[in-house]
Amino acid sequence: MTTLTTSIAVERTKKSRLKETDFNNLEFGKYISDHMLVVDYLNNKWQEPKIVPFGDMMMSPAMLSLHYGQSVFEGMKAFKNSKGDICIFRPQKHSARLNKSLARMCMPQISEEMFIQTLHAIVEADQDWIPTSEGSSLYLRPFVFAFEPRIGVKVADHFKFMIITSPAGAYFSKPVRLKVEVDYVRAAEGGTGFAKCAGNYGGAFYPTQLAREQGFDSVLWTDAKEHKYIDEAGVMNIMFVINGKLITPKLTTALLDGVTRDSILTLAPDLGMEVEERRVSVQEIKEAFEKGTISEAFGAGTAAVVSPIATINIQGTDYNLPAVGADSFQQRAKTKLNNIRLGIEADVHGWNYIIPA
Ligand SMILES: Cc1ncc(COP(=O)(O)O)c(C=O)c1O
């Protein structure tokens, strides 16, 4: 992918926190890099982006996003590849998803060009924060929120688009225990499930907390109407290998269109795997366990790439999956995806945005 040059003004911090950061012990989200990117939307247009030292901001207690939830975000990653170049993974796909979220929440669109230029600028400004140990990355958090101070219910006129970043260590995902959720709903069709808006996450905390108290790591959401079909798992899309085929719920307005999901579905044929995107019923999964036709289940998401699933609890019964072998589909997909991002395998799909060393 061609690299854009950026001319975004950078006010550098006078006191870097790099030396206070324990790169050998990077708890996810704990450390924020030295700078942040800020752009205001005022007078019906995005103003000039600027990069300033990361720090607290002044805001009004009447700021509309606090009250009515106009707030959306993205979660993505940058790496140092095998040549020492910086690689930002699939910024176009994240840009498209951000714009879908913005449209659903009546918030102004951000051009792909501005999105990629601002990512380029902030990652370049804080490139010393990109960890280089195996499996690590710089987590990128672009977000947009209503900034206008006003207590009346309305679509805001003033928004902020910001990007903050956080060094993330290798993600060792131990196999997870999921509970098929039939009492609570994350999203209904026609709602905001496909948008990465803040409220979706706030609403998911309570059922997830209940599931944790019952010994599960997360919930497996089902459709809002009948609780018959599987949607997604916590903050990951879900995939199954049944009868040797990769099966995943098809996208609806209730599911997030995961970038990792899309990447794995694209790579599957290269790994000799047939793909089915369709409705997947809880009953089908139960029968696949009973007949022994299910060999793998995993979550797909930016944080871990793939998270092996150990157990799926259906109507109070634990159904267990075998341990994940090196030749499993999920392991091969994870390795291939990581190799593409690190420049070890050819990036034939044009997913990497490279900032040369
Ligand atoms: C609700 C939800 N589903 C799925 C995903 C996986 O999406 P992605 O692969 O783009 O990280 C995420 C993570 O962002 C999520 O929050």
# chains A, B, ... in the order shown; residues from 1 in each chain; ligands from 1
>>> residues_near_ligand(ligand="ligand 1", cutoff="9 Å", atoms="only C-alpha atoms and all ligand atoms", output="PyMOL selection string")
chain A and resi 74-76+93-94+97+186+193-196+200-201+232-238+255-263+299-305
>>> write_last_selection(atoms="N, CA, C and O atoms", output="compact mmCIF listing (two decimals), in the first residue's frame")
# COMPACT_ATOMS: atom_id res chain seq x y z
N GLU A 74 -12.41 2.63 17.37
CA GLU A 74 -11.81 1.52 16.64
C GLU A 74 -10.71 0.92 17.51
O GLU A 74 -10.22 1.56 18.45
N GLY A 75 -10.33 -0.30 17.21
CA GLY A 75 -9.21 -0.94 17.92
C GLY A 75 -8.37 -1.62 16.87
O GLY A 75 -8.87 -2.47 16.13
N MET A 76 -7.10 -1.22 16.75
CA MET A 76 -6.26 -1.78 15.68
C MET A 76 -4.82 -1.83 16.14
O MET A 76 -4.52 -1.40 17.26
N LYS A 93 -9.88 -0.98 6.03
CA LYS A 93 -11.03 -1.74 6.56
C LYS A 93 -11.52 -1.10 7.87
O LYS A 93 -12.72 -0.99 8.11
N HIS A 94 -10.57 -0.67 8.70
CA HIS A 94 -10.97 0.01 9.95
C HIS A 94 -11.64 1.34 9.66
O HIS A 94 -12.59 1.75 10.34
N ARG A 97 -15.20 0.70 8.60
CA ARG A 97 -16.06 0.33 9.75
C ARG A 97 -16.34 1.54 10.63
O ARG A 97 -17.45 1.73 11.11
N ARG A 186 -27.07 -8.53 23.61
CA ARG A 186 -26.10 -7.47 23.34
C ARG A 186 -26.67 -6.49 22.33
O ARG A 186 -26.57 -5.28 22.48
N GLY A 193 -25.66 -3.00 17.00
CA GLY A 193 -24.65 -4.05 17.18
C GLY A 193 -23.49 -3.98 16.21
O GLY A 193 -22.35 -4.29 16.56
N PHE A 194 -23.76 -3.59 14.94
CA PHE A 194 -22.70 -3.56 13.93
C PHE A 194 -21.79 -2.34 14.10
O PHE A 194 -20.74 -2.25 13.47
N ALA A 195 -22.21 -1.39 14.93
CA ALA A 195 -21.41 -0.18 15.14
C ALA A 195 -20.54 -0.38 16.36
O ALA A 195 -20.95 -1.03 17.33
N LYS A 196 -19.33 0.18 16.30
CA LYS A 196 -18.44 0.04 17.47
C LYS A 196 -18.69 1.28 18.35
O LYS A 196 -17.85 2.17 18.43
N ASN A 200 -22.63 -0.14 23.41
CA ASN A 200 -22.70 -1.60 23.25
C ASN A 200 -21.86 -2.30 24.32
O ASN A 200 -22.18 -3.41 24.75
N TYR A 201 -20.76 -1.65 24.69
CA TYR A 201 -19.82 -2.27 25.64
C TYR A 201 -20.33 -2.10 27.06
O TYR A 201 -20.30 -3.04 27.86
N GLU A 232 -22.09 -13.56 18.36
CA GLU A 232 -20.64 -13.44 18.54
C GLU A 232 -20.30 -13.65 20.00
O GLU A 232 -21.20 -13.82 20.84
N ALA A 233 -19.00 -13.66 20.30
CA ALA A 233 -18.57 -14.00 21.65
C ALA A 233 -17.89 -12.81 22.30
O ALA A 233 -16.79 -12.45 21.88
N GLY A 234 -18.51 -12.21 23.30
CA GLY A 234 -17.89 -11.11 24.02
C GLY A 234 -17.38 -10.06 23.06
O GLY A 234 -18.17 -9.45 22.35
N VAL A 235 -16.07 -9.88 23.01
CA VAL A 235 -15.51 -8.89 22.07
C VAL A 235 -14.76 -9.60 20.93
O VAL A 235 -13.73 -9.14 20.45
N MET A 236 -15.32 -10.73 20.51
CA MET A 236 -14.71 -11.48 19.40
C MET A 236 -15.81 -12.06 18.51
O MET A 236 -16.89 -12.37 19.01
N ASN A 237 -15.50 -12.23 17.25
CA ASN A 237 -16.39 -13.02 16.39
C ASN A 237 -16.07 -14.49 16.65
O ASN A 237 -14.97 -14.83 17.07
N ILE A 238 -17.06 -15.34 16.37
CA ILE A 238 -16.86 -16.77 16.68
C ILE A 238 -16.78 -17.60 15.41
O ILE A 238 -17.47 -17.31 14.42
N LEU A 255 -24.25 -7.77 14.54
CA LEU A 255 -22.88 -8.26 14.76
C LEU A 255 -21.85 -7.25 14.31
O LEU A 255 -22.05 -6.57 13.31
N LEU A 256 -20.72 -7.24 15.00
CA LEU A 256 -19.62 -6.40 14.54
C LEU A 256 -18.89 -7.13 13.41
O LEU A 256 -18.57 -8.31 13.52
N ASP A 257 -18.63 -6.40 12.33
CA ASP A 257 -17.92 -6.93 11.17
C ASP A 257 -16.41 -6.90 11.50
O ASP A 257 -15.70 -5.96 11.19
N GLY A 258 -15.95 -7.93 12.18
CA GLY A 258 -14.58 -7.95 12.69
C GLY A 258 -13.55 -7.99 11.57
O GLY A 258 -13.71 -8.72 10.59
N VAL A 259 -12.49 -7.24 11.75
CA VAL A 259 -11.41 -7.21 10.76
C VAL A 259 -10.65 -8.54 10.78
O VAL A 259 -10.24 -9.06 9.75
N THR A 260 -10.51 -9.11 11.97
CA THR A 260 -9.82 -10.41 12.08
C THR A 260 -10.68 -11.49 11.44
O THR A 260 -10.16 -12.36 10.72
N ARG A 261 -11.98 -11.44 11.67
CA ARG A 261 -12.92 -12.39 11.05
C ARG A 261 -12.76 -12.36 9.54
O ARG A 261 -12.56 -13.39 8.89
N ASP A 262 -12.80 -11.14 8.99
CA ASP A 262 -12.68 -10.99 7.54
C ASP A 262 -11.32 -11.51 7.05
O ASP A 262 -11.24 -12.17 6.01
N SER A 263 -10.27 -11.22 7.81
CA SER A 263 -8.92 -11.65 7.39
C SER A 263 -8.84 -13.18 7.37
O SER A 263 -8.31 -13.78 6.43
N GLY A 299 -12.46 -17.75 19.05
CA GLY A 299 -12.85 -16.37 18.87
C GLY A 299 -11.83 -15.68 17.99
O GLY A 299 -10.64 -16.03 18.03
N ALA A 300 -12.29 -14.71 17.17
CA ALA A 300 -11.38 -13.96 16.29
C ALA A 300 -11.50 -12.48 16.63
O ALA A 300 -12.59 -11.92 16.63
N GLY A 301 -10.36 -11.86 16.94
CA GLY A 301 -10.38 -10.43 17.27
C GLY A 301 -8.98 -9.85 17.26
O GLY A 301 -7.99 -10.61 17.32
N THR A 302 -8.90 -8.54 17.22
CA THR A 302 -7.61 -7.86 17.10
C THR A 302 -6.66 -8.21 18.25
O THR A 302 -5.46 -8.40 18.03
N ALA A 303 -7.18 -8.31 19.48
CA ALA A 303 -6.30 -8.50 20.64
C ALA A 303 -5.46 -9.77 20.51
O ALA A 303 -4.24 -9.71 20.57
N ALA A 304 -6.11 -10.92 20.32
CA ALA A 304 -5.38 -12.19 20.36
C ALA A 304 -5.24 -12.85 19.00
O ALA A 304 -4.64 -13.91 18.89
N VAL A 305 -5.81 -12.27 17.95
CA VAL A 305 -5.98 -12.88 16.63
C VAL A 305 -6.98 -14.03 16.77
O VAL A 305 -8.12 -13.91 16.36
>>> select_by_dssp(residues="segment 76-272 of chain A", states="alpha helix (DSSP H)", output="PyMOL selection string")
chain A and resi 91-104+112-125+198-213+259-267
>>> residues_around(residues="Arg17 of chain A", least_positions_apart="6", cutoff="12 Å", atoms="only C-alpha atoms", output="NGL selection string")
:A and (23 or 31-35 or 53-55 or 126 or 128-129)
>>> closest_residue(among="A:Phe159, A:Phe115, A:Tyr184, A:Phe147", to="Met58 of chain A", atoms="only C-alpha atoms")
A:Phe147
>>> residues_around(residues="Ala288 of chain A", least_positions_apart="6", cutoff="9 Å", atoms="only C-alpha atoms", output="PyMOL selection string")
chain A and resi 242-243+294
>>> write_last_selection(atoms="N, CA and C atoms", output="PDB file, in the first residue's frame")
ATOM      1  N   ILE A 242     -16.489 -27.590  11.763  1.00  0.00           N
ATOM      2  CA  ILE A 242     -17.420 -28.718  11.868  1.00  0.00           C
ATOM      3  C   ILE A 242     -17.344 -29.521  10.572  1.00  0.00           C
ATOM      4  N   ASN A 243     -17.185 -30.826  10.713  1.00  0.00           N
ATOM      5  CA  ASN A 243     -17.004 -31.695   9.538  1.00  0.00           C
ATOM      6  C   ASN A 243     -15.908 -31.145   8.621  1.00  0.00           C
ATOM      7  N   ILE A 294     -17.574 -31.633  15.667  1.00  0.00           N
ATOM      8  CA  ILE A 294     -16.921 -30.328  15.856  1.00  0.00           C
ATOM      9  C   ILE A 294     -15.495 -30.577  16.371  1.00  0.00           C
TER      10      ILE A 294
END
>>> closest_residue(among="A:Ser95, A:Pro167, A:Pro356, A:Lys228", to="Ile314 of chain A", atoms="only C-alpha atoms")
A:Lys228
>>> residues_around(residues="Ala78 of chain A", least_positions_apart="2", cutoff="7 Å", atoms="only C-alpha atoms", output="VMD selection string")
chain A and resid 86 to 89 137 to 139
>>> closest_residue(among="A:Ile151, A:Met239, A:Ala170, A:Val324", to="Met63 of chain A", atoms="only C-alpha atoms")
A:Ile151
>>> select_by_dssp(residues="segment 161-278 of chain A", states="strand (DSSP E or B)", output="PyMOL selection string")
chain A and resi 161-168+176-180+197+218-222+229-233+236-242+245-249+275-278
>>> residues_around(residues="Val155 of chain A", least_positions_apart="4", cutoff="10 Å", atoms="only C-alpha atoms", output="compact mmCIF listing (two decimals) with all heavy atoms, in the first residue's frame")
# COMPACT_ATOMS: atom_id res chain seq x y z
N LEU A 64 -22.23 16.41 25.53
CA LEU A 64 -23.32 15.54 25.09
C LEU A 64 -22.99 14.04 25.09
O LEU A 64 -23.86 13.22 25.40
CB LEU A 64 -23.77 15.97 23.69
CG LEU A 64 -24.74 17.17 23.65
CD1 LEU A 64 -24.84 17.72 22.24
CD2 LEU A 64 -26.11 16.79 24.17
N SER A 65 -21.74 13.67 24.77
CA SER A 65 -21.44 12.23 24.71
C SER A 65 -21.60 11.57 26.07
O SER A 65 -21.94 10.38 26.15
CB SER A 65 -20.03 11.99 24.16
OG SER A 65 -19.08 12.73 24.89
N TYR A 68 -25.73 11.26 26.23
CA TYR A 68 -26.54 10.58 25.21
C TYR A 68 -25.73 9.61 24.34
O TYR A 68 -26.25 9.08 23.36
CB TYR A 68 -27.29 11.63 24.37
CG TYR A 68 -28.04 12.60 25.28
CD1 TYR A 68 -27.75 13.95 25.28
CD2 TYR A 68 -28.98 12.12 26.19
CE1 TYR A 68 -28.40 14.82 26.15
CE2 TYR A 68 -29.62 12.97 27.07
CZ TYR A 68 -29.33 14.33 27.05
OH TYR A 68 -29.95 15.17 27.93
N GLN A 70 -23.14 9.62 22.16
CA GLN A 70 -22.55 9.70 20.81
C GLN A 70 -21.03 9.54 20.96
O GLN A 70 -20.29 10.50 21.15
CB GLN A 70 -22.86 11.05 20.16
CG GLN A 70 -24.16 11.06 19.37
CD GLN A 70 -24.29 12.35 18.60
OE1 GLN A 70 -24.23 13.43 19.18
NE2 GLN A 70 -24.47 12.25 17.30
N MET A 105 -24.55 6.56 14.24
CA MET A 105 -24.69 7.39 15.44
C MET A 105 -24.86 8.88 15.10
O MET A 105 -24.72 9.74 15.97
CB MET A 105 -23.46 7.22 16.35
CG MET A 105 -23.23 5.79 16.84
SD MET A 105 -24.63 5.07 17.74
CE MET A 105 -24.53 6.03 19.24
N CYS A 106 -25.20 9.17 13.82
CA CYS A 106 -25.41 10.57 13.38
C CYS A 106 -24.19 11.43 13.66
O CYS A 106 -24.31 12.56 14.16
CB CYS A 106 -26.61 11.19 14.09
SG CYS A 106 -28.15 10.67 13.42
N MET A 107 -23.01 10.89 13.36
CA MET A 107 -21.77 11.64 13.59
C MET A 107 -21.08 11.85 12.25
O MET A 107 -21.29 11.07 11.31
CB MET A 107 -20.88 10.86 14.58
CG MET A 107 -21.55 10.71 15.95
SD MET A 107 -20.79 9.46 17.01
CE MET A 107 -19.32 10.31 17.57
N ALA A 146 -18.98 13.21 20.93
CA ALA A 146 -19.65 14.52 20.94
C ALA A 146 -19.03 15.36 22.05
O ALA A 146 -18.93 14.90 23.18
CB ALA A 146 -21.14 14.33 21.18
N GLU A 148 -19.85 18.83 22.35
CA GLU A 148 -20.67 20.03 22.61
C GLU A 148 -21.29 20.00 24.01
O GLU A 148 -21.86 19.00 24.41
CB GLU A 148 -21.78 20.09 21.56
CG GLU A 148 -22.66 21.30 21.68
CD GLU A 148 -23.81 21.24 20.67
OE1 GLU A 148 -23.74 20.45 19.70
OE2 GLU A 148 -24.78 21.98 20.87
>>> closest_residue(among="A:Gln214, A:Thr222, A:Gln331, A:Asn81", to="Ser133 of chain A", atoms="only C-alpha atoms")
A:Asn81
>>> residues_around(residues="Leu210 of chain A", least_positions_apart="5", cutoff="12 Å", atoms="only C-alpha atoms", output="JSON, numbers by chain")
{"A": [179, 181, 183, 184, 204, 205, 215, 216, 217, 218, 219]}
>>> atom_distance(atom1="atom CA of Phe145 of chain A", atom2="atom CA of Ile163 of chain A")
11.6 Å
>>> closest_residue(among="A:Ser295, A:Ile264, A:Ser166, A:Gln283", to="Leu26 of chain A", atoms="only C-alpha atoms")
A:Ser166
>>> atom_distance(atom1="atom CA of Glu277 of chain A", atom2="atom CA of Lys100 of chain A")
21.0 Å
>>> closest_residue(among="A:His158, A:Glu189, A:Asn313, A:Asn25", to="Leu251 of chain A", atoms="only C-alpha atoms")
A:Glu189
>>> atom_distance(atom1="atom CA of Phe73 of chain A", atom2="atom CA of Asp85 of chain A")
25.9 Å
>>> decode(residues="segment 110-131 of chain A", atoms="N, CA, C and O atoms", output="short mmCIF file (atom, residue, chain, number, x, y, z; two decimals), in the first residue's frame")
data_model
loop_
_atom_site.label_atom_id
_atom_site.label_comp_id
_atom_site.auth_asym_id
_atom_site.auth_seq_id
_atom_site.Cartn_x
_atom_site.Cartn_y
_atom_site.Cartn_z
N ILE A 110 -15.38 10.54 8.44
CA ILE A 110 -13.95 10.89 8.41
C ILE A 110 -13.38 10.27 7.15
O ILE A 110 -13.51 9.04 6.96
N SER A 111 -12.79 11.06 6.28
CA SER A 111 -12.32 10.50 5.02
C SER A 111 -11.22 9.48 5.29
O SER A 111 -10.48 9.58 6.28
N GLU A 112 -11.14 8.49 4.40
CA GLU A 112 -10.09 7.47 4.55
C GLU A 112 -8.72 8.13 4.56
O GLU A 112 -7.83 7.74 5.32
N GLU A 113 -8.58 9.17 3.75
CA GLU A 113 -7.29 9.85 3.67
C GLU A 113 -6.91 10.48 5.02
O GLU A 113 -5.80 10.32 5.51
N MET A 114 -7.89 11.17 5.62
CA MET A 114 -7.57 11.79 6.92
C MET A 114 -7.31 10.73 7.98
O MET A 114 -6.40 10.86 8.80
N PHE A 115 -8.08 9.65 7.94
CA PHE A 115 -7.91 8.58 8.93
C PHE A 115 -6.49 8.00 8.83
O PHE A 115 -5.78 7.87 9.82
N ILE A 116 -6.07 7.69 7.60
CA ILE A 116 -4.77 7.05 7.43
C ILE A 116 -3.63 8.04 7.72
O ILE A 116 -2.64 7.69 8.36
N GLN A 117 -3.81 9.28 7.29
CA GLN A 117 -2.75 10.27 7.56
C GLN A 117 -2.57 10.51 9.05
O GLN A 117 -1.44 10.65 9.54
N THR A 118 -3.68 10.56 9.78
CA THR A 118 -3.57 10.82 11.22
C THR A 118 -2.96 9.61 11.93
O THR A 118 -2.14 9.76 12.84
N LEU A 119 -3.32 8.40 11.49
CA LEU A 119 -2.71 7.20 12.08
C LEU A 119 -1.21 7.19 11.81
O LEU A 119 -0.40 6.93 12.70
N HIS A 120 -0.87 7.49 10.56
CA HIS A 120 0.54 7.54 10.17
C HIS A 120 1.30 8.50 11.09
O HIS A 120 2.34 8.16 11.67
N ALA A 121 0.72 9.70 11.27
CA ALA A 121 1.42 10.74 12.03
C ALA A 121 1.60 10.36 13.50
O ALA A 121 2.68 10.53 14.06
N ILE A 122 0.56 9.81 14.11
CA ILE A 122 0.68 9.51 15.55
C ILE A 122 1.61 8.30 15.76
O ILE A 122 2.40 8.27 16.71
N VAL A 123 1.53 7.33 14.87
CA VAL A 123 2.40 6.15 15.03
C VAL A 123 3.86 6.54 14.80
O VAL A 123 4.76 6.10 15.51
N GLU A 124 4.08 7.43 13.84
CA GLU A 124 5.44 7.89 13.58
C GLU A 124 5.96 8.71 14.78
O GLU A 124 7.10 8.54 15.21
N ALA A 125 5.10 9.56 15.33
CA ALA A 125 5.52 10.40 16.47
C ALA A 125 5.89 9.54 17.67
O ALA A 125 6.81 9.87 18.42
N ASP A 126 5.20 8.43 17.86
CA ASP A 126 5.46 7.58 19.03
C ASP A 126 6.05 6.23 18.61
O ASP A 126 5.81 5.21 19.27
N GLN A 127 6.86 6.24 17.55
CA GLN A 127 7.38 4.95 17.06
C GLN A 127 8.27 4.24 18.07
O GLN A 127 8.38 3.02 18.06
N ASP A 128 8.88 5.01 18.98
CA ASP A 128 9.73 4.36 19.99
C ASP A 128 8.90 3.56 21.00
O ASP A 128 9.45 2.82 21.81
N TRP A 129 7.59 3.75 20.94
CA TRP A 129 6.69 3.00 21.84
C TRP A 129 6.25 1.67 21.24
O TRP A 129 5.52 0.92 21.89
N ILE A 130 6.64 1.40 19.99
CA ILE A 130 6.21 0.12 19.39
C ILE A 130 7.09 -0.98 19.96
O ILE A 130 8.30 -1.00 19.71
N PRO A 131 6.53 -1.89 20.73
CA PRO A 131 7.38 -2.94 21.30
C PRO A 131 7.84 -3.89 20.21
O PRO A 131 7.14 -4.06 19.20
#
